[in-house]
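Dumped model14.txt below, it's compact mmCIF, C-alpha atoms and all ligand atoms:
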```txt
# COMPACT_ATOMS: atom_id res chain seq x y z
CA MET I 24 58.92 -12.29 9.69
CA PHE I 25 55.24 -11.21 9.74
CA GLU I 26 55.73 -7.45 9.69
CA VAL I 27 53.48 -5.58 7.26
CA THR I 28 53.57 -1.96 6.27
CA PHE I 29 50.16 -0.38 6.25
CA GLN I 30 50.26 3.24 5.11
CA ASN I 31 52.81 4.86 7.45
CA TYR I 32 52.65 2.15 10.05
CA THR I 33 54.26 -1.27 10.51
CA PHE I 34 52.08 -3.88 12.17
CA GLN I 35 53.82 -6.87 13.78
CA SER I 36 51.31 -9.28 12.25
CA PRO I 37 48.91 -9.01 9.30
CA LEU I 38 46.12 -10.71 11.26
CA MET I 39 43.22 -8.98 12.96
CA ASN I 40 39.58 -9.68 13.73
CA ALA I 41 36.84 -8.98 11.21
CA SER I 42 34.42 -6.36 12.44
CA GLY I 43 31.50 -8.00 14.21
CA VAL I 44 33.46 -10.79 15.84
CA HIS I 45 34.93 -10.50 19.34
CA CYS I 46 34.66 -6.70 19.33
CA MET I 47 31.34 -5.62 20.84
CA THR I 48 32.49 -4.97 24.43
CA SER I 49 35.66 -3.55 25.95
CA GLU I 50 36.40 -7.02 27.40
CA GLU I 51 36.28 -8.58 23.95
CA LEU I 52 38.40 -5.79 22.46
CA ASN I 53 40.95 -6.19 25.26
CA GLY I 54 41.11 -9.90 24.43
CA LEU I 55 42.27 -8.96 20.94
CA ILE I 56 44.99 -6.67 22.34
CA ASP I 57 46.29 -9.63 24.34
CA SER I 58 46.35 -11.94 21.30
CA ARG I 59 48.80 -12.33 18.39
CA ALA I 60 46.63 -10.09 16.20
CA GLY I 61 48.64 -7.17 14.79
CA THR I 62 45.75 -4.80 15.49
CA PHE I 63 41.96 -4.96 15.81
CA ILE I 64 38.70 -3.34 14.82
CA THR I 65 35.49 -2.45 16.65
CA LYS I 66 32.02 -3.74 15.84
CA SER I 67 30.39 -1.45 13.26
CA VAL I 68 29.15 1.52 15.22
CA THR I 69 25.93 3.50 14.95
CA ARG I 70 25.21 6.82 16.70
CA GLN I 71 22.83 5.18 19.18
CA LYS I 72 23.09 1.78 20.86
CA ARG I 73 21.22 -1.00 18.99
CA GLN I 74 19.89 -4.35 20.19
CA GLY I 75 20.02 -5.86 16.70
CA ASN I 76 17.77 -8.61 15.34
CA PRO I 77 15.94 -11.29 17.36
CA GLU I 78 17.79 -14.52 18.26
CA PRO I 79 18.78 -17.06 17.09
CA ARG I 80 20.75 -14.84 14.72
CA TYR I 81 24.06 -16.72 14.32
CA TYR I 82 24.62 -20.36 13.36
CA GLU I 83 27.75 -22.38 12.61
CA THR I 84 28.32 -25.34 10.33
CA THR I 85 31.48 -27.32 9.56
CA LEU I 86 32.15 -25.10 6.57
CA GLY I 87 31.26 -21.72 8.00
CA SER I 88 28.48 -19.58 9.39
CA ILE I 89 25.33 -17.63 8.69
CA ASN I 90 24.46 -14.46 10.59
CA SER I 91 21.77 -11.87 10.71
CA MET I 92 22.90 -9.90 13.73
CA GLY I 93 21.30 -6.65 12.56
CA LEU I 94 24.07 -4.34 13.71
CA PRO I 95 23.90 -4.76 17.49
CA ASN I 96 26.41 -2.38 19.09
CA LEU I 97 26.82 -0.25 22.18
CA GLY I 98 26.68 3.08 20.37
CA PHE I 99 29.27 5.62 19.22
CA ASP I 100 30.11 7.14 22.61
CA TYR I 101 31.00 3.75 24.12
CA TYR I 102 33.56 2.99 21.40
CA LEU I 103 34.99 6.50 21.38
CA ASP I 104 35.55 6.21 25.15
CA TYR I 105 37.29 2.90 24.49
CA VAL I 106 39.50 4.46 21.80
CA ASN I 107 40.52 7.30 24.12
CA GLU I 108 41.56 4.86 26.84
CA TYR I 109 43.34 2.59 24.36
CA GLN I 110 45.32 5.43 22.81
CA LYS I 111 46.61 6.48 26.24
CA ASN I 112 48.19 3.05 26.71
CA PHE I 113 49.14 1.79 23.24
CA SER I 114 50.82 3.29 20.18
CA THR I 115 49.61 0.69 17.64
CA PRO I 116 46.75 2.26 15.66
CA MET I 117 43.39 0.49 15.90
CA PHE I 118 40.50 0.44 13.46
CA PHE I 119 37.09 2.01 14.09
CA SER I 120 34.22 0.58 12.03
CA VAL I 121 31.42 2.98 11.18
CA ALA I 122 28.14 1.57 9.94
CA SER I 123 26.46 3.22 7.03
CA MET I 124 22.75 3.41 7.92
CA SER I 125 21.91 6.68 6.23
CA MET I 126 23.86 9.51 4.63
CA GLN I 127 22.90 11.81 7.50
CA GLU I 128 24.04 9.37 10.17
CA ASN I 129 27.32 8.69 8.37
CA ILE I 130 28.10 12.33 8.22
CA GLU I 131 27.21 12.95 11.86
CA THR I 132 29.31 10.01 13.05
CA LEU I 133 32.30 10.84 10.90
CA LYS I 134 32.19 14.52 11.88
CA LYS I 135 32.39 13.44 15.52
CA LEU I 136 35.28 11.11 14.72
CA GLU I 137 37.01 13.87 12.74
CA ASP I 138 36.75 16.22 15.73
CA SER I 139 37.88 13.57 18.22
CA ASP I 140 41.39 12.54 19.26
CA PHE I 141 41.05 9.23 17.39
CA HIS I 142 44.17 8.69 15.30
CA GLY I 143 43.69 5.19 13.93
CA PHE I 144 42.05 3.90 10.74
CA THR I 145 38.36 4.32 9.97
CA GLU I 146 36.56 1.52 8.16
CA LEU I 147 33.28 2.65 6.62
CA ASN I 148 30.99 -0.35 6.32
CA LEU I 149 29.14 -0.04 3.02
CA SER I 150 28.04 -3.66 2.99
CA CYS I 151 25.90 -4.75 5.94
CA PRO I 152 23.46 -7.30 4.51
CA ASN I 153 21.22 -7.71 7.54
CA VAL I 154 19.19 -4.61 8.30
CA ALA I 155 15.70 -5.19 6.94
CA GLY I 156 14.75 -2.61 4.35
CA LYS I 157 18.35 -1.32 3.93
CA PRO I 158 20.08 -2.71 0.83
CA GLN I 159 23.85 -3.13 0.85
CA VAL I 160 25.04 0.35 -0.06
CA ALA I 161 28.01 -0.64 -2.19
CA TYR I 162 25.78 -2.52 -4.66
CA ASP I 163 24.44 0.93 -5.61
CA PHE I 164 27.40 2.47 -7.41
CA ALA I 165 25.91 5.97 -7.80
CA LEU I 166 25.05 6.11 -4.09
CA THR I 167 28.53 4.88 -3.15
CA GLU I 168 30.10 7.68 -5.19
CA GLN I 169 27.75 10.23 -3.65
CA ILE I 170 28.52 9.08 -0.08
CA LEU I 171 32.28 9.12 -0.65
CA THR I 172 32.12 12.55 -2.28
CA GLU I 173 30.27 13.92 0.73
CA ILE I 174 32.57 12.25 3.27
CA PHE I 175 35.82 13.32 1.67
CA SER I 176 34.57 16.92 1.58
CA PHE I 177 35.31 17.10 5.33
CA TYR I 178 36.97 13.89 6.56
CA THR I 179 40.76 14.08 6.72
CA LYS I 180 41.70 10.99 8.76
CA PRO I 181 42.72 7.71 7.06
CA LEU I 182 39.55 6.01 5.83
CA GLY I 183 38.80 2.81 3.95
CA VAL I 184 35.65 0.98 2.91
CA LYS I 185 34.33 -2.49 3.67
CA LEU I 186 32.79 -3.89 0.51
CA PRO I 187 30.38 -6.68 -0.27
CA PRO I 188 31.51 -9.37 -2.72
CA TYR I 189 31.14 -8.63 -6.43
CA PHE I 190 30.63 -11.42 -8.92
CA ASP I 191 31.06 -9.86 -12.34
CA ILE I 192 34.14 -8.46 -14.08
CA ALA I 193 32.12 -5.45 -15.27
CA HIS I 194 31.21 -4.69 -11.66
CA PHE I 195 34.84 -4.95 -10.54
CA ASP I 196 35.74 -2.46 -13.26
CA GLN I 197 32.91 -0.05 -12.42
CA ILE I 198 33.35 0.03 -8.65
CA ALA I 199 37.16 0.24 -8.93
CA THR I 200 36.83 3.26 -11.25
CA ILE I 201 34.70 4.99 -8.61
CA LEU I 202 36.96 4.05 -5.69
CA ASN I 203 40.03 5.32 -7.55
CA LYS I 204 38.54 8.85 -7.56
CA PHE I 205 38.94 9.11 -3.79
CA PRO I 206 41.88 9.33 -1.38
CA LEU I 207 40.97 6.03 0.25
CA THR I 208 43.54 4.39 2.50
CA PHE I 209 42.25 0.86 2.00
CA VAL I 210 39.55 -1.37 0.66
CA ASN I 211 38.42 -4.36 2.72
CA SER I 212 37.04 -7.27 0.69
CA ILE I 213 34.78 -9.01 1.51
CA ASN I 214 31.92 -8.71 3.96
CA SER I 215 29.78 -11.82 4.34
CA VAL I 216 28.13 -13.12 1.17
CA GLY I 217 24.73 -11.57 1.70
CA ASN I 218 21.40 -13.32 1.96
CA GLY I 219 22.38 -16.95 1.84
CA LEU I 220 20.25 -19.66 3.38
CA ILE I 221 21.34 -22.53 5.61
CA ILE I 222 18.68 -25.04 6.58
CA ASP I 223 18.26 -27.90 9.02
CA PRO I 224 16.96 -30.87 7.01
CA ASP I 225 15.85 -32.79 10.12
CA LYS I 226 13.68 -29.97 11.35
CA GLU I 227 12.90 -28.90 7.77
CA GLN I 228 13.51 -25.40 9.05
CA VAL I 229 15.81 -22.41 8.68
CA VAL I 230 18.50 -22.00 11.38
CA ILE I 231 18.24 -18.30 12.21
CA LYS I 232 15.13 -16.27 13.01
CA PRO I 233 15.48 -12.88 11.26
CA LYS I 234 14.50 -12.38 7.62
CA GLU I 235 12.94 -15.85 7.30
CA GLY I 236 16.36 -17.42 7.77
CA PHE I 237 18.31 -15.38 5.18
CA GLY I 238 21.69 -14.10 6.34
CA GLY I 239 25.33 -13.35 5.55
CA ILE I 240 27.50 -16.37 4.85
CA GLY I 241 31.07 -16.54 6.19
CA GLY I 242 33.84 -19.10 6.57
CA GLU I 243 35.22 -21.71 4.18
CA TYR I 244 32.20 -21.39 1.89
CA ILE I 245 33.33 -17.95 0.75
CA LYS I 246 37.11 -18.16 0.30
CA PRO I 247 37.17 -18.37 -3.52
CA THR I 248 34.89 -15.34 -3.77
CA ALA I 249 37.00 -13.46 -1.23
CA LEU I 250 40.24 -14.25 -3.08
CA ALA I 251 38.73 -13.13 -6.39
CA ASN I 252 37.65 -9.80 -4.89
CA VAL I 253 41.05 -9.22 -3.25
CA ARG I 254 42.81 -9.99 -6.54
CA ALA I 255 40.40 -7.94 -8.65
CA PHE I 256 40.90 -4.85 -6.48
CA TYR I 257 44.65 -5.35 -6.11
CA THR I 258 45.00 -5.29 -9.90
CA ARG I 259 42.59 -2.35 -10.42
CA LEU I 260 43.05 0.13 -7.57
CA ASN I 261 45.64 2.88 -7.27
CA PRO I 262 48.68 1.40 -5.49
CA SER I 263 48.13 3.86 -2.62
CA ILE I 264 44.90 2.01 -1.75
CA GLN I 265 45.89 -1.07 0.22
CA ILE I 266 43.74 -4.19 0.43
CA ILE I 267 42.49 -5.93 3.54
CA GLY I 268 41.59 -9.53 2.72
CA THR I 269 38.66 -11.03 4.59
CA GLY I 270 36.76 -14.23 3.93
CA GLY I 271 37.43 -17.89 4.55
CA ILE I 272 40.72 -17.61 6.42
CA VAL I 273 40.87 -20.74 8.54
CA SER I 274 44.49 -21.88 8.12
CA GLY I 275 47.96 -20.55 7.41
CA GLN I 276 47.46 -21.63 3.80
CA ASP I 277 44.35 -19.46 3.49
CA ALA I 278 46.30 -16.52 4.89
CA PHE I 279 49.12 -17.21 2.43
CA GLU I 280 46.67 -17.27 -0.50
CA HIS I 281 45.09 -13.94 0.48
CA LEU I 282 48.56 -12.36 0.73
CA LEU I 283 49.54 -13.81 -2.65
CA CYS I 284 46.43 -12.17 -4.15
CA GLY I 285 47.63 -8.83 -2.81
CA ALA I 286 46.13 -8.37 0.64
CA SER I 287 48.20 -6.38 3.15
CA MET I 288 46.17 -7.11 6.24
CA LEU I 289 43.95 -10.14 6.86
CA GLN I 290 40.75 -10.23 8.89
CA ILE I 291 39.30 -13.32 10.52
CA GLY I 292 35.61 -13.56 11.37
CA THR I 293 33.92 -16.97 11.47
CA GLN I 294 37.04 -18.87 12.55
CA LEU I 295 37.70 -16.38 15.37
CA TYR I 296 34.13 -16.93 16.52
CA LYS I 297 34.66 -20.71 16.44
CA GLU I 298 38.12 -20.88 17.96
CA GLY I 299 38.63 -17.78 20.09
CA THR I 300 41.65 -15.49 20.06
CA SER I 301 44.19 -18.36 19.99
CA VAL I 302 43.30 -18.61 16.26
CA PHE I 303 45.82 -15.83 15.51
CA ALA I 304 48.82 -17.69 16.98
CA ARG I 305 47.82 -20.93 15.28
CA ILE I 306 47.46 -19.33 11.85
CA LEU I 307 50.76 -17.46 12.22
CA ASP I 308 52.50 -20.72 13.17
CA GLU I 309 51.05 -22.41 10.09
CA LEU I 310 52.00 -19.47 7.88
CA ALA I 311 55.56 -19.59 9.24
CA VAL I 312 55.88 -23.25 8.18
CA ILE I 313 54.72 -22.41 4.64
CA MET I 314 57.06 -19.43 4.38
CA ASP I 315 60.03 -21.44 5.72
CA THR I 316 59.37 -24.29 3.29
CA LYS I 317 59.27 -21.85 0.39
CA GLY I 318 62.32 -19.92 1.59
CA TYR I 319 60.47 -16.66 2.31
CA SER I 320 61.71 -14.63 5.25
CA ASN I 321 59.15 -11.85 4.98
CA ILE I 322 55.68 -11.24 3.55
CA GLN I 323 56.77 -8.64 0.97
CA GLN I 324 58.66 -11.36 -0.93
CA PHE I 325 55.40 -12.95 -2.14
CA GLN I 326 52.66 -10.41 -1.44
CA GLY I 327 50.59 -9.75 -4.58
CA LYS I 328 52.80 -12.01 -6.70
CA LEU I 329 50.12 -14.46 -7.79
CA LYS I 330 51.01 -15.96 -11.19
CA THR I 331 48.60 -16.57 -14.06
CA ILE I 332 48.99 -19.31 -16.67
CA GLU I 333 50.64 -18.12 -19.91
O1 LIG J 1 25.51 -6.87 12.25
C1 LIG J 1 25.35 -7.57 11.22
O2 LIG J 1 24.31 -8.21 10.99
C2 LIG J 1 26.39 -7.66 10.19
C3 LIG J 1 27.04 -6.56 9.66
BR1 LIG J 1 26.81 -4.83 10.31
C4 LIG J 1 27.95 -6.73 8.59
O3 LIG J 1 28.56 -5.80 8.05
N1 LIG J 1 28.13 -8.00 8.11
C5 LIG J 1 27.50 -9.06 8.64
O4 LIG J 1 27.71 -10.19 8.17
N2 LIG J 1 26.63 -8.88 9.69
```
In structure tokens, write the structure found in this file.
Amino acid sequence: MFEVTFQNYTFQSPLMNASGVHCMTSEELNGLIDSRAGTFITKSVTRQKRQGNPEPRYYETTLGSINSMGLPNLGFDYYLDYVNEYQKNFSTPMFFSVASMSMQENIETLKKLEDSDFHGFTELNLSCPNVAGKPQVAYDFALTEQILTEIFSFYTKPLGVKLPPYFDIAHFDQIATILNKFPLTFVNSINSVGNGLIIDPDKEQVVIKPKEGFGGIGGEYIKPTALANVRAFYTRLNPSIQIIGTGGIVSGQDAFEHLLCGASMLQIGTQLYKEGTSVFARILDELAVIMDTKGYSNIQQFQGKLKTIE
């Protein structure tokens, strides 16, 4: 009942982790394989290993989270080794997240991935909010177009982009026009809402150390923004570009709403961090109840079919 077609592949479940959560080490990645997630994605990868920002760099509240991890990861070679092992044992394609630190680094990393045996989906992260001095790439539309032009001059494997949230109809129109010029496989909306601030009123202090407490907001706080971005891209992008919905998925109802807006796959970040990998089974169970009640036997029957008011 949960099967979803993604490009030429059918995943058994639309759920997967959001990059950054439960995907830094091979043990964490293996935990995702053993869960009810349909597939999974690595932490965003840089050429060299990175420690990331000083701790504390992640904090949870009832309604969500703030993070300023600063792109900690074990480096490209570690994840490529993991991919090679994984692909020997499993046929389900996985996702490889590539961080966009500089044009030169992007090109080097993607050339290595192009020349490798990797045959899954590549997610190019154009939206990390937490590296000091590096603005979120996809807020610079000219730079985004330049990067994609360069990448598609040599990259032939299926590639999508992870975008930051947009908040203006004119920006949805402008970025969609650019994205439609490229043979993208998918767009993933949204990354965390960048540079929010959560404070502790008792201590009269910020809750994370980097960037004077500013960080990316995830969880329930961001669902309406995530749904708007999923819907805006679903109604603007070429139908060949599928949408991955990320942001504020805590329950089966949240998953249902993202699918109704047009998402094909759904990524879970903050709630996976809070709950562990059993979150996938719980959300699928809740989604099954909603679908049964409404008389839906598969996701295609309602996917993208959000109604507006006449
Ligand atoms: O590592 C991070 O600080 C981070 C990244 Br790369 C990202 O894309 N989104 C986020 O919320 N944190």
Neighbourhood of ligand LIG 1 (chain J) at 6 Å, counting all atoms listed in the file, reported as a list in words:
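With all atoms listed in the file and a cut-off of 6 Å, ligand LIG 1 (chain J) is contacted by Ser67, Asn90, Ser91, Met92, Gly93, Leu94, Pro95, Ser150, Cys151, Pro152, Asn153, Asn214, Ser215 and Gly239 of chain I.
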Residues within 8 Å of (46.4, -4.1, -2.0), file coords, only C-alpha atoms, listed as a list of chain:residue names:
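Using only C-alpha atoms, the matching residues come out as I:Phe209, I:Val210, I:Val253, I:Phe256, I:Tyr257, I:Leu260, I:Pro262, I:Ile264, I:Gln265, I:Ile266, I:Ile267, I:Gly285, I:Ala286, I:Ser287, I:Gly327.
Straight-line separation from CA of Ser114 (chain I) to CA of Thr62 (chain I): 10.6 Å.
Using all atoms listed in the file, the contacts of Ser263 (chain I) at a cut-off of 9 Å, with sequence neighbours closer than 5 positions omitted, comprise Gln30, Pro206, Leu207, Thr208 and Phe209 of chain I.
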Could you write out that same residue set with C-alpha atoms as a PDB file, in the coordinates of the input?
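Output (part-v5.pdb):
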```
ATOM      1  CA  GLN I  30      50.260   3.240   5.110  1.00  0.00           C
ATOM      2  CA  PRO I 206      41.880   9.330  -1.380  1.00  0.00           C
ATOM      3  CA  LEU I 207      40.970   6.030   0.250  1.00  0.00           C
ATOM      4  CA  THR I 208      43.540   4.390   2.500  1.00  0.00           C
ATOM      5  CA  PHE I 209      42.250   0.860   2.000  1.00  0.00           C
TER       6      PHE I 209
END
```
Suppose you want the space between CA of Arg259 (chain I) and CA of Ile198 (chain I); what is it in Å?
9.7 Å
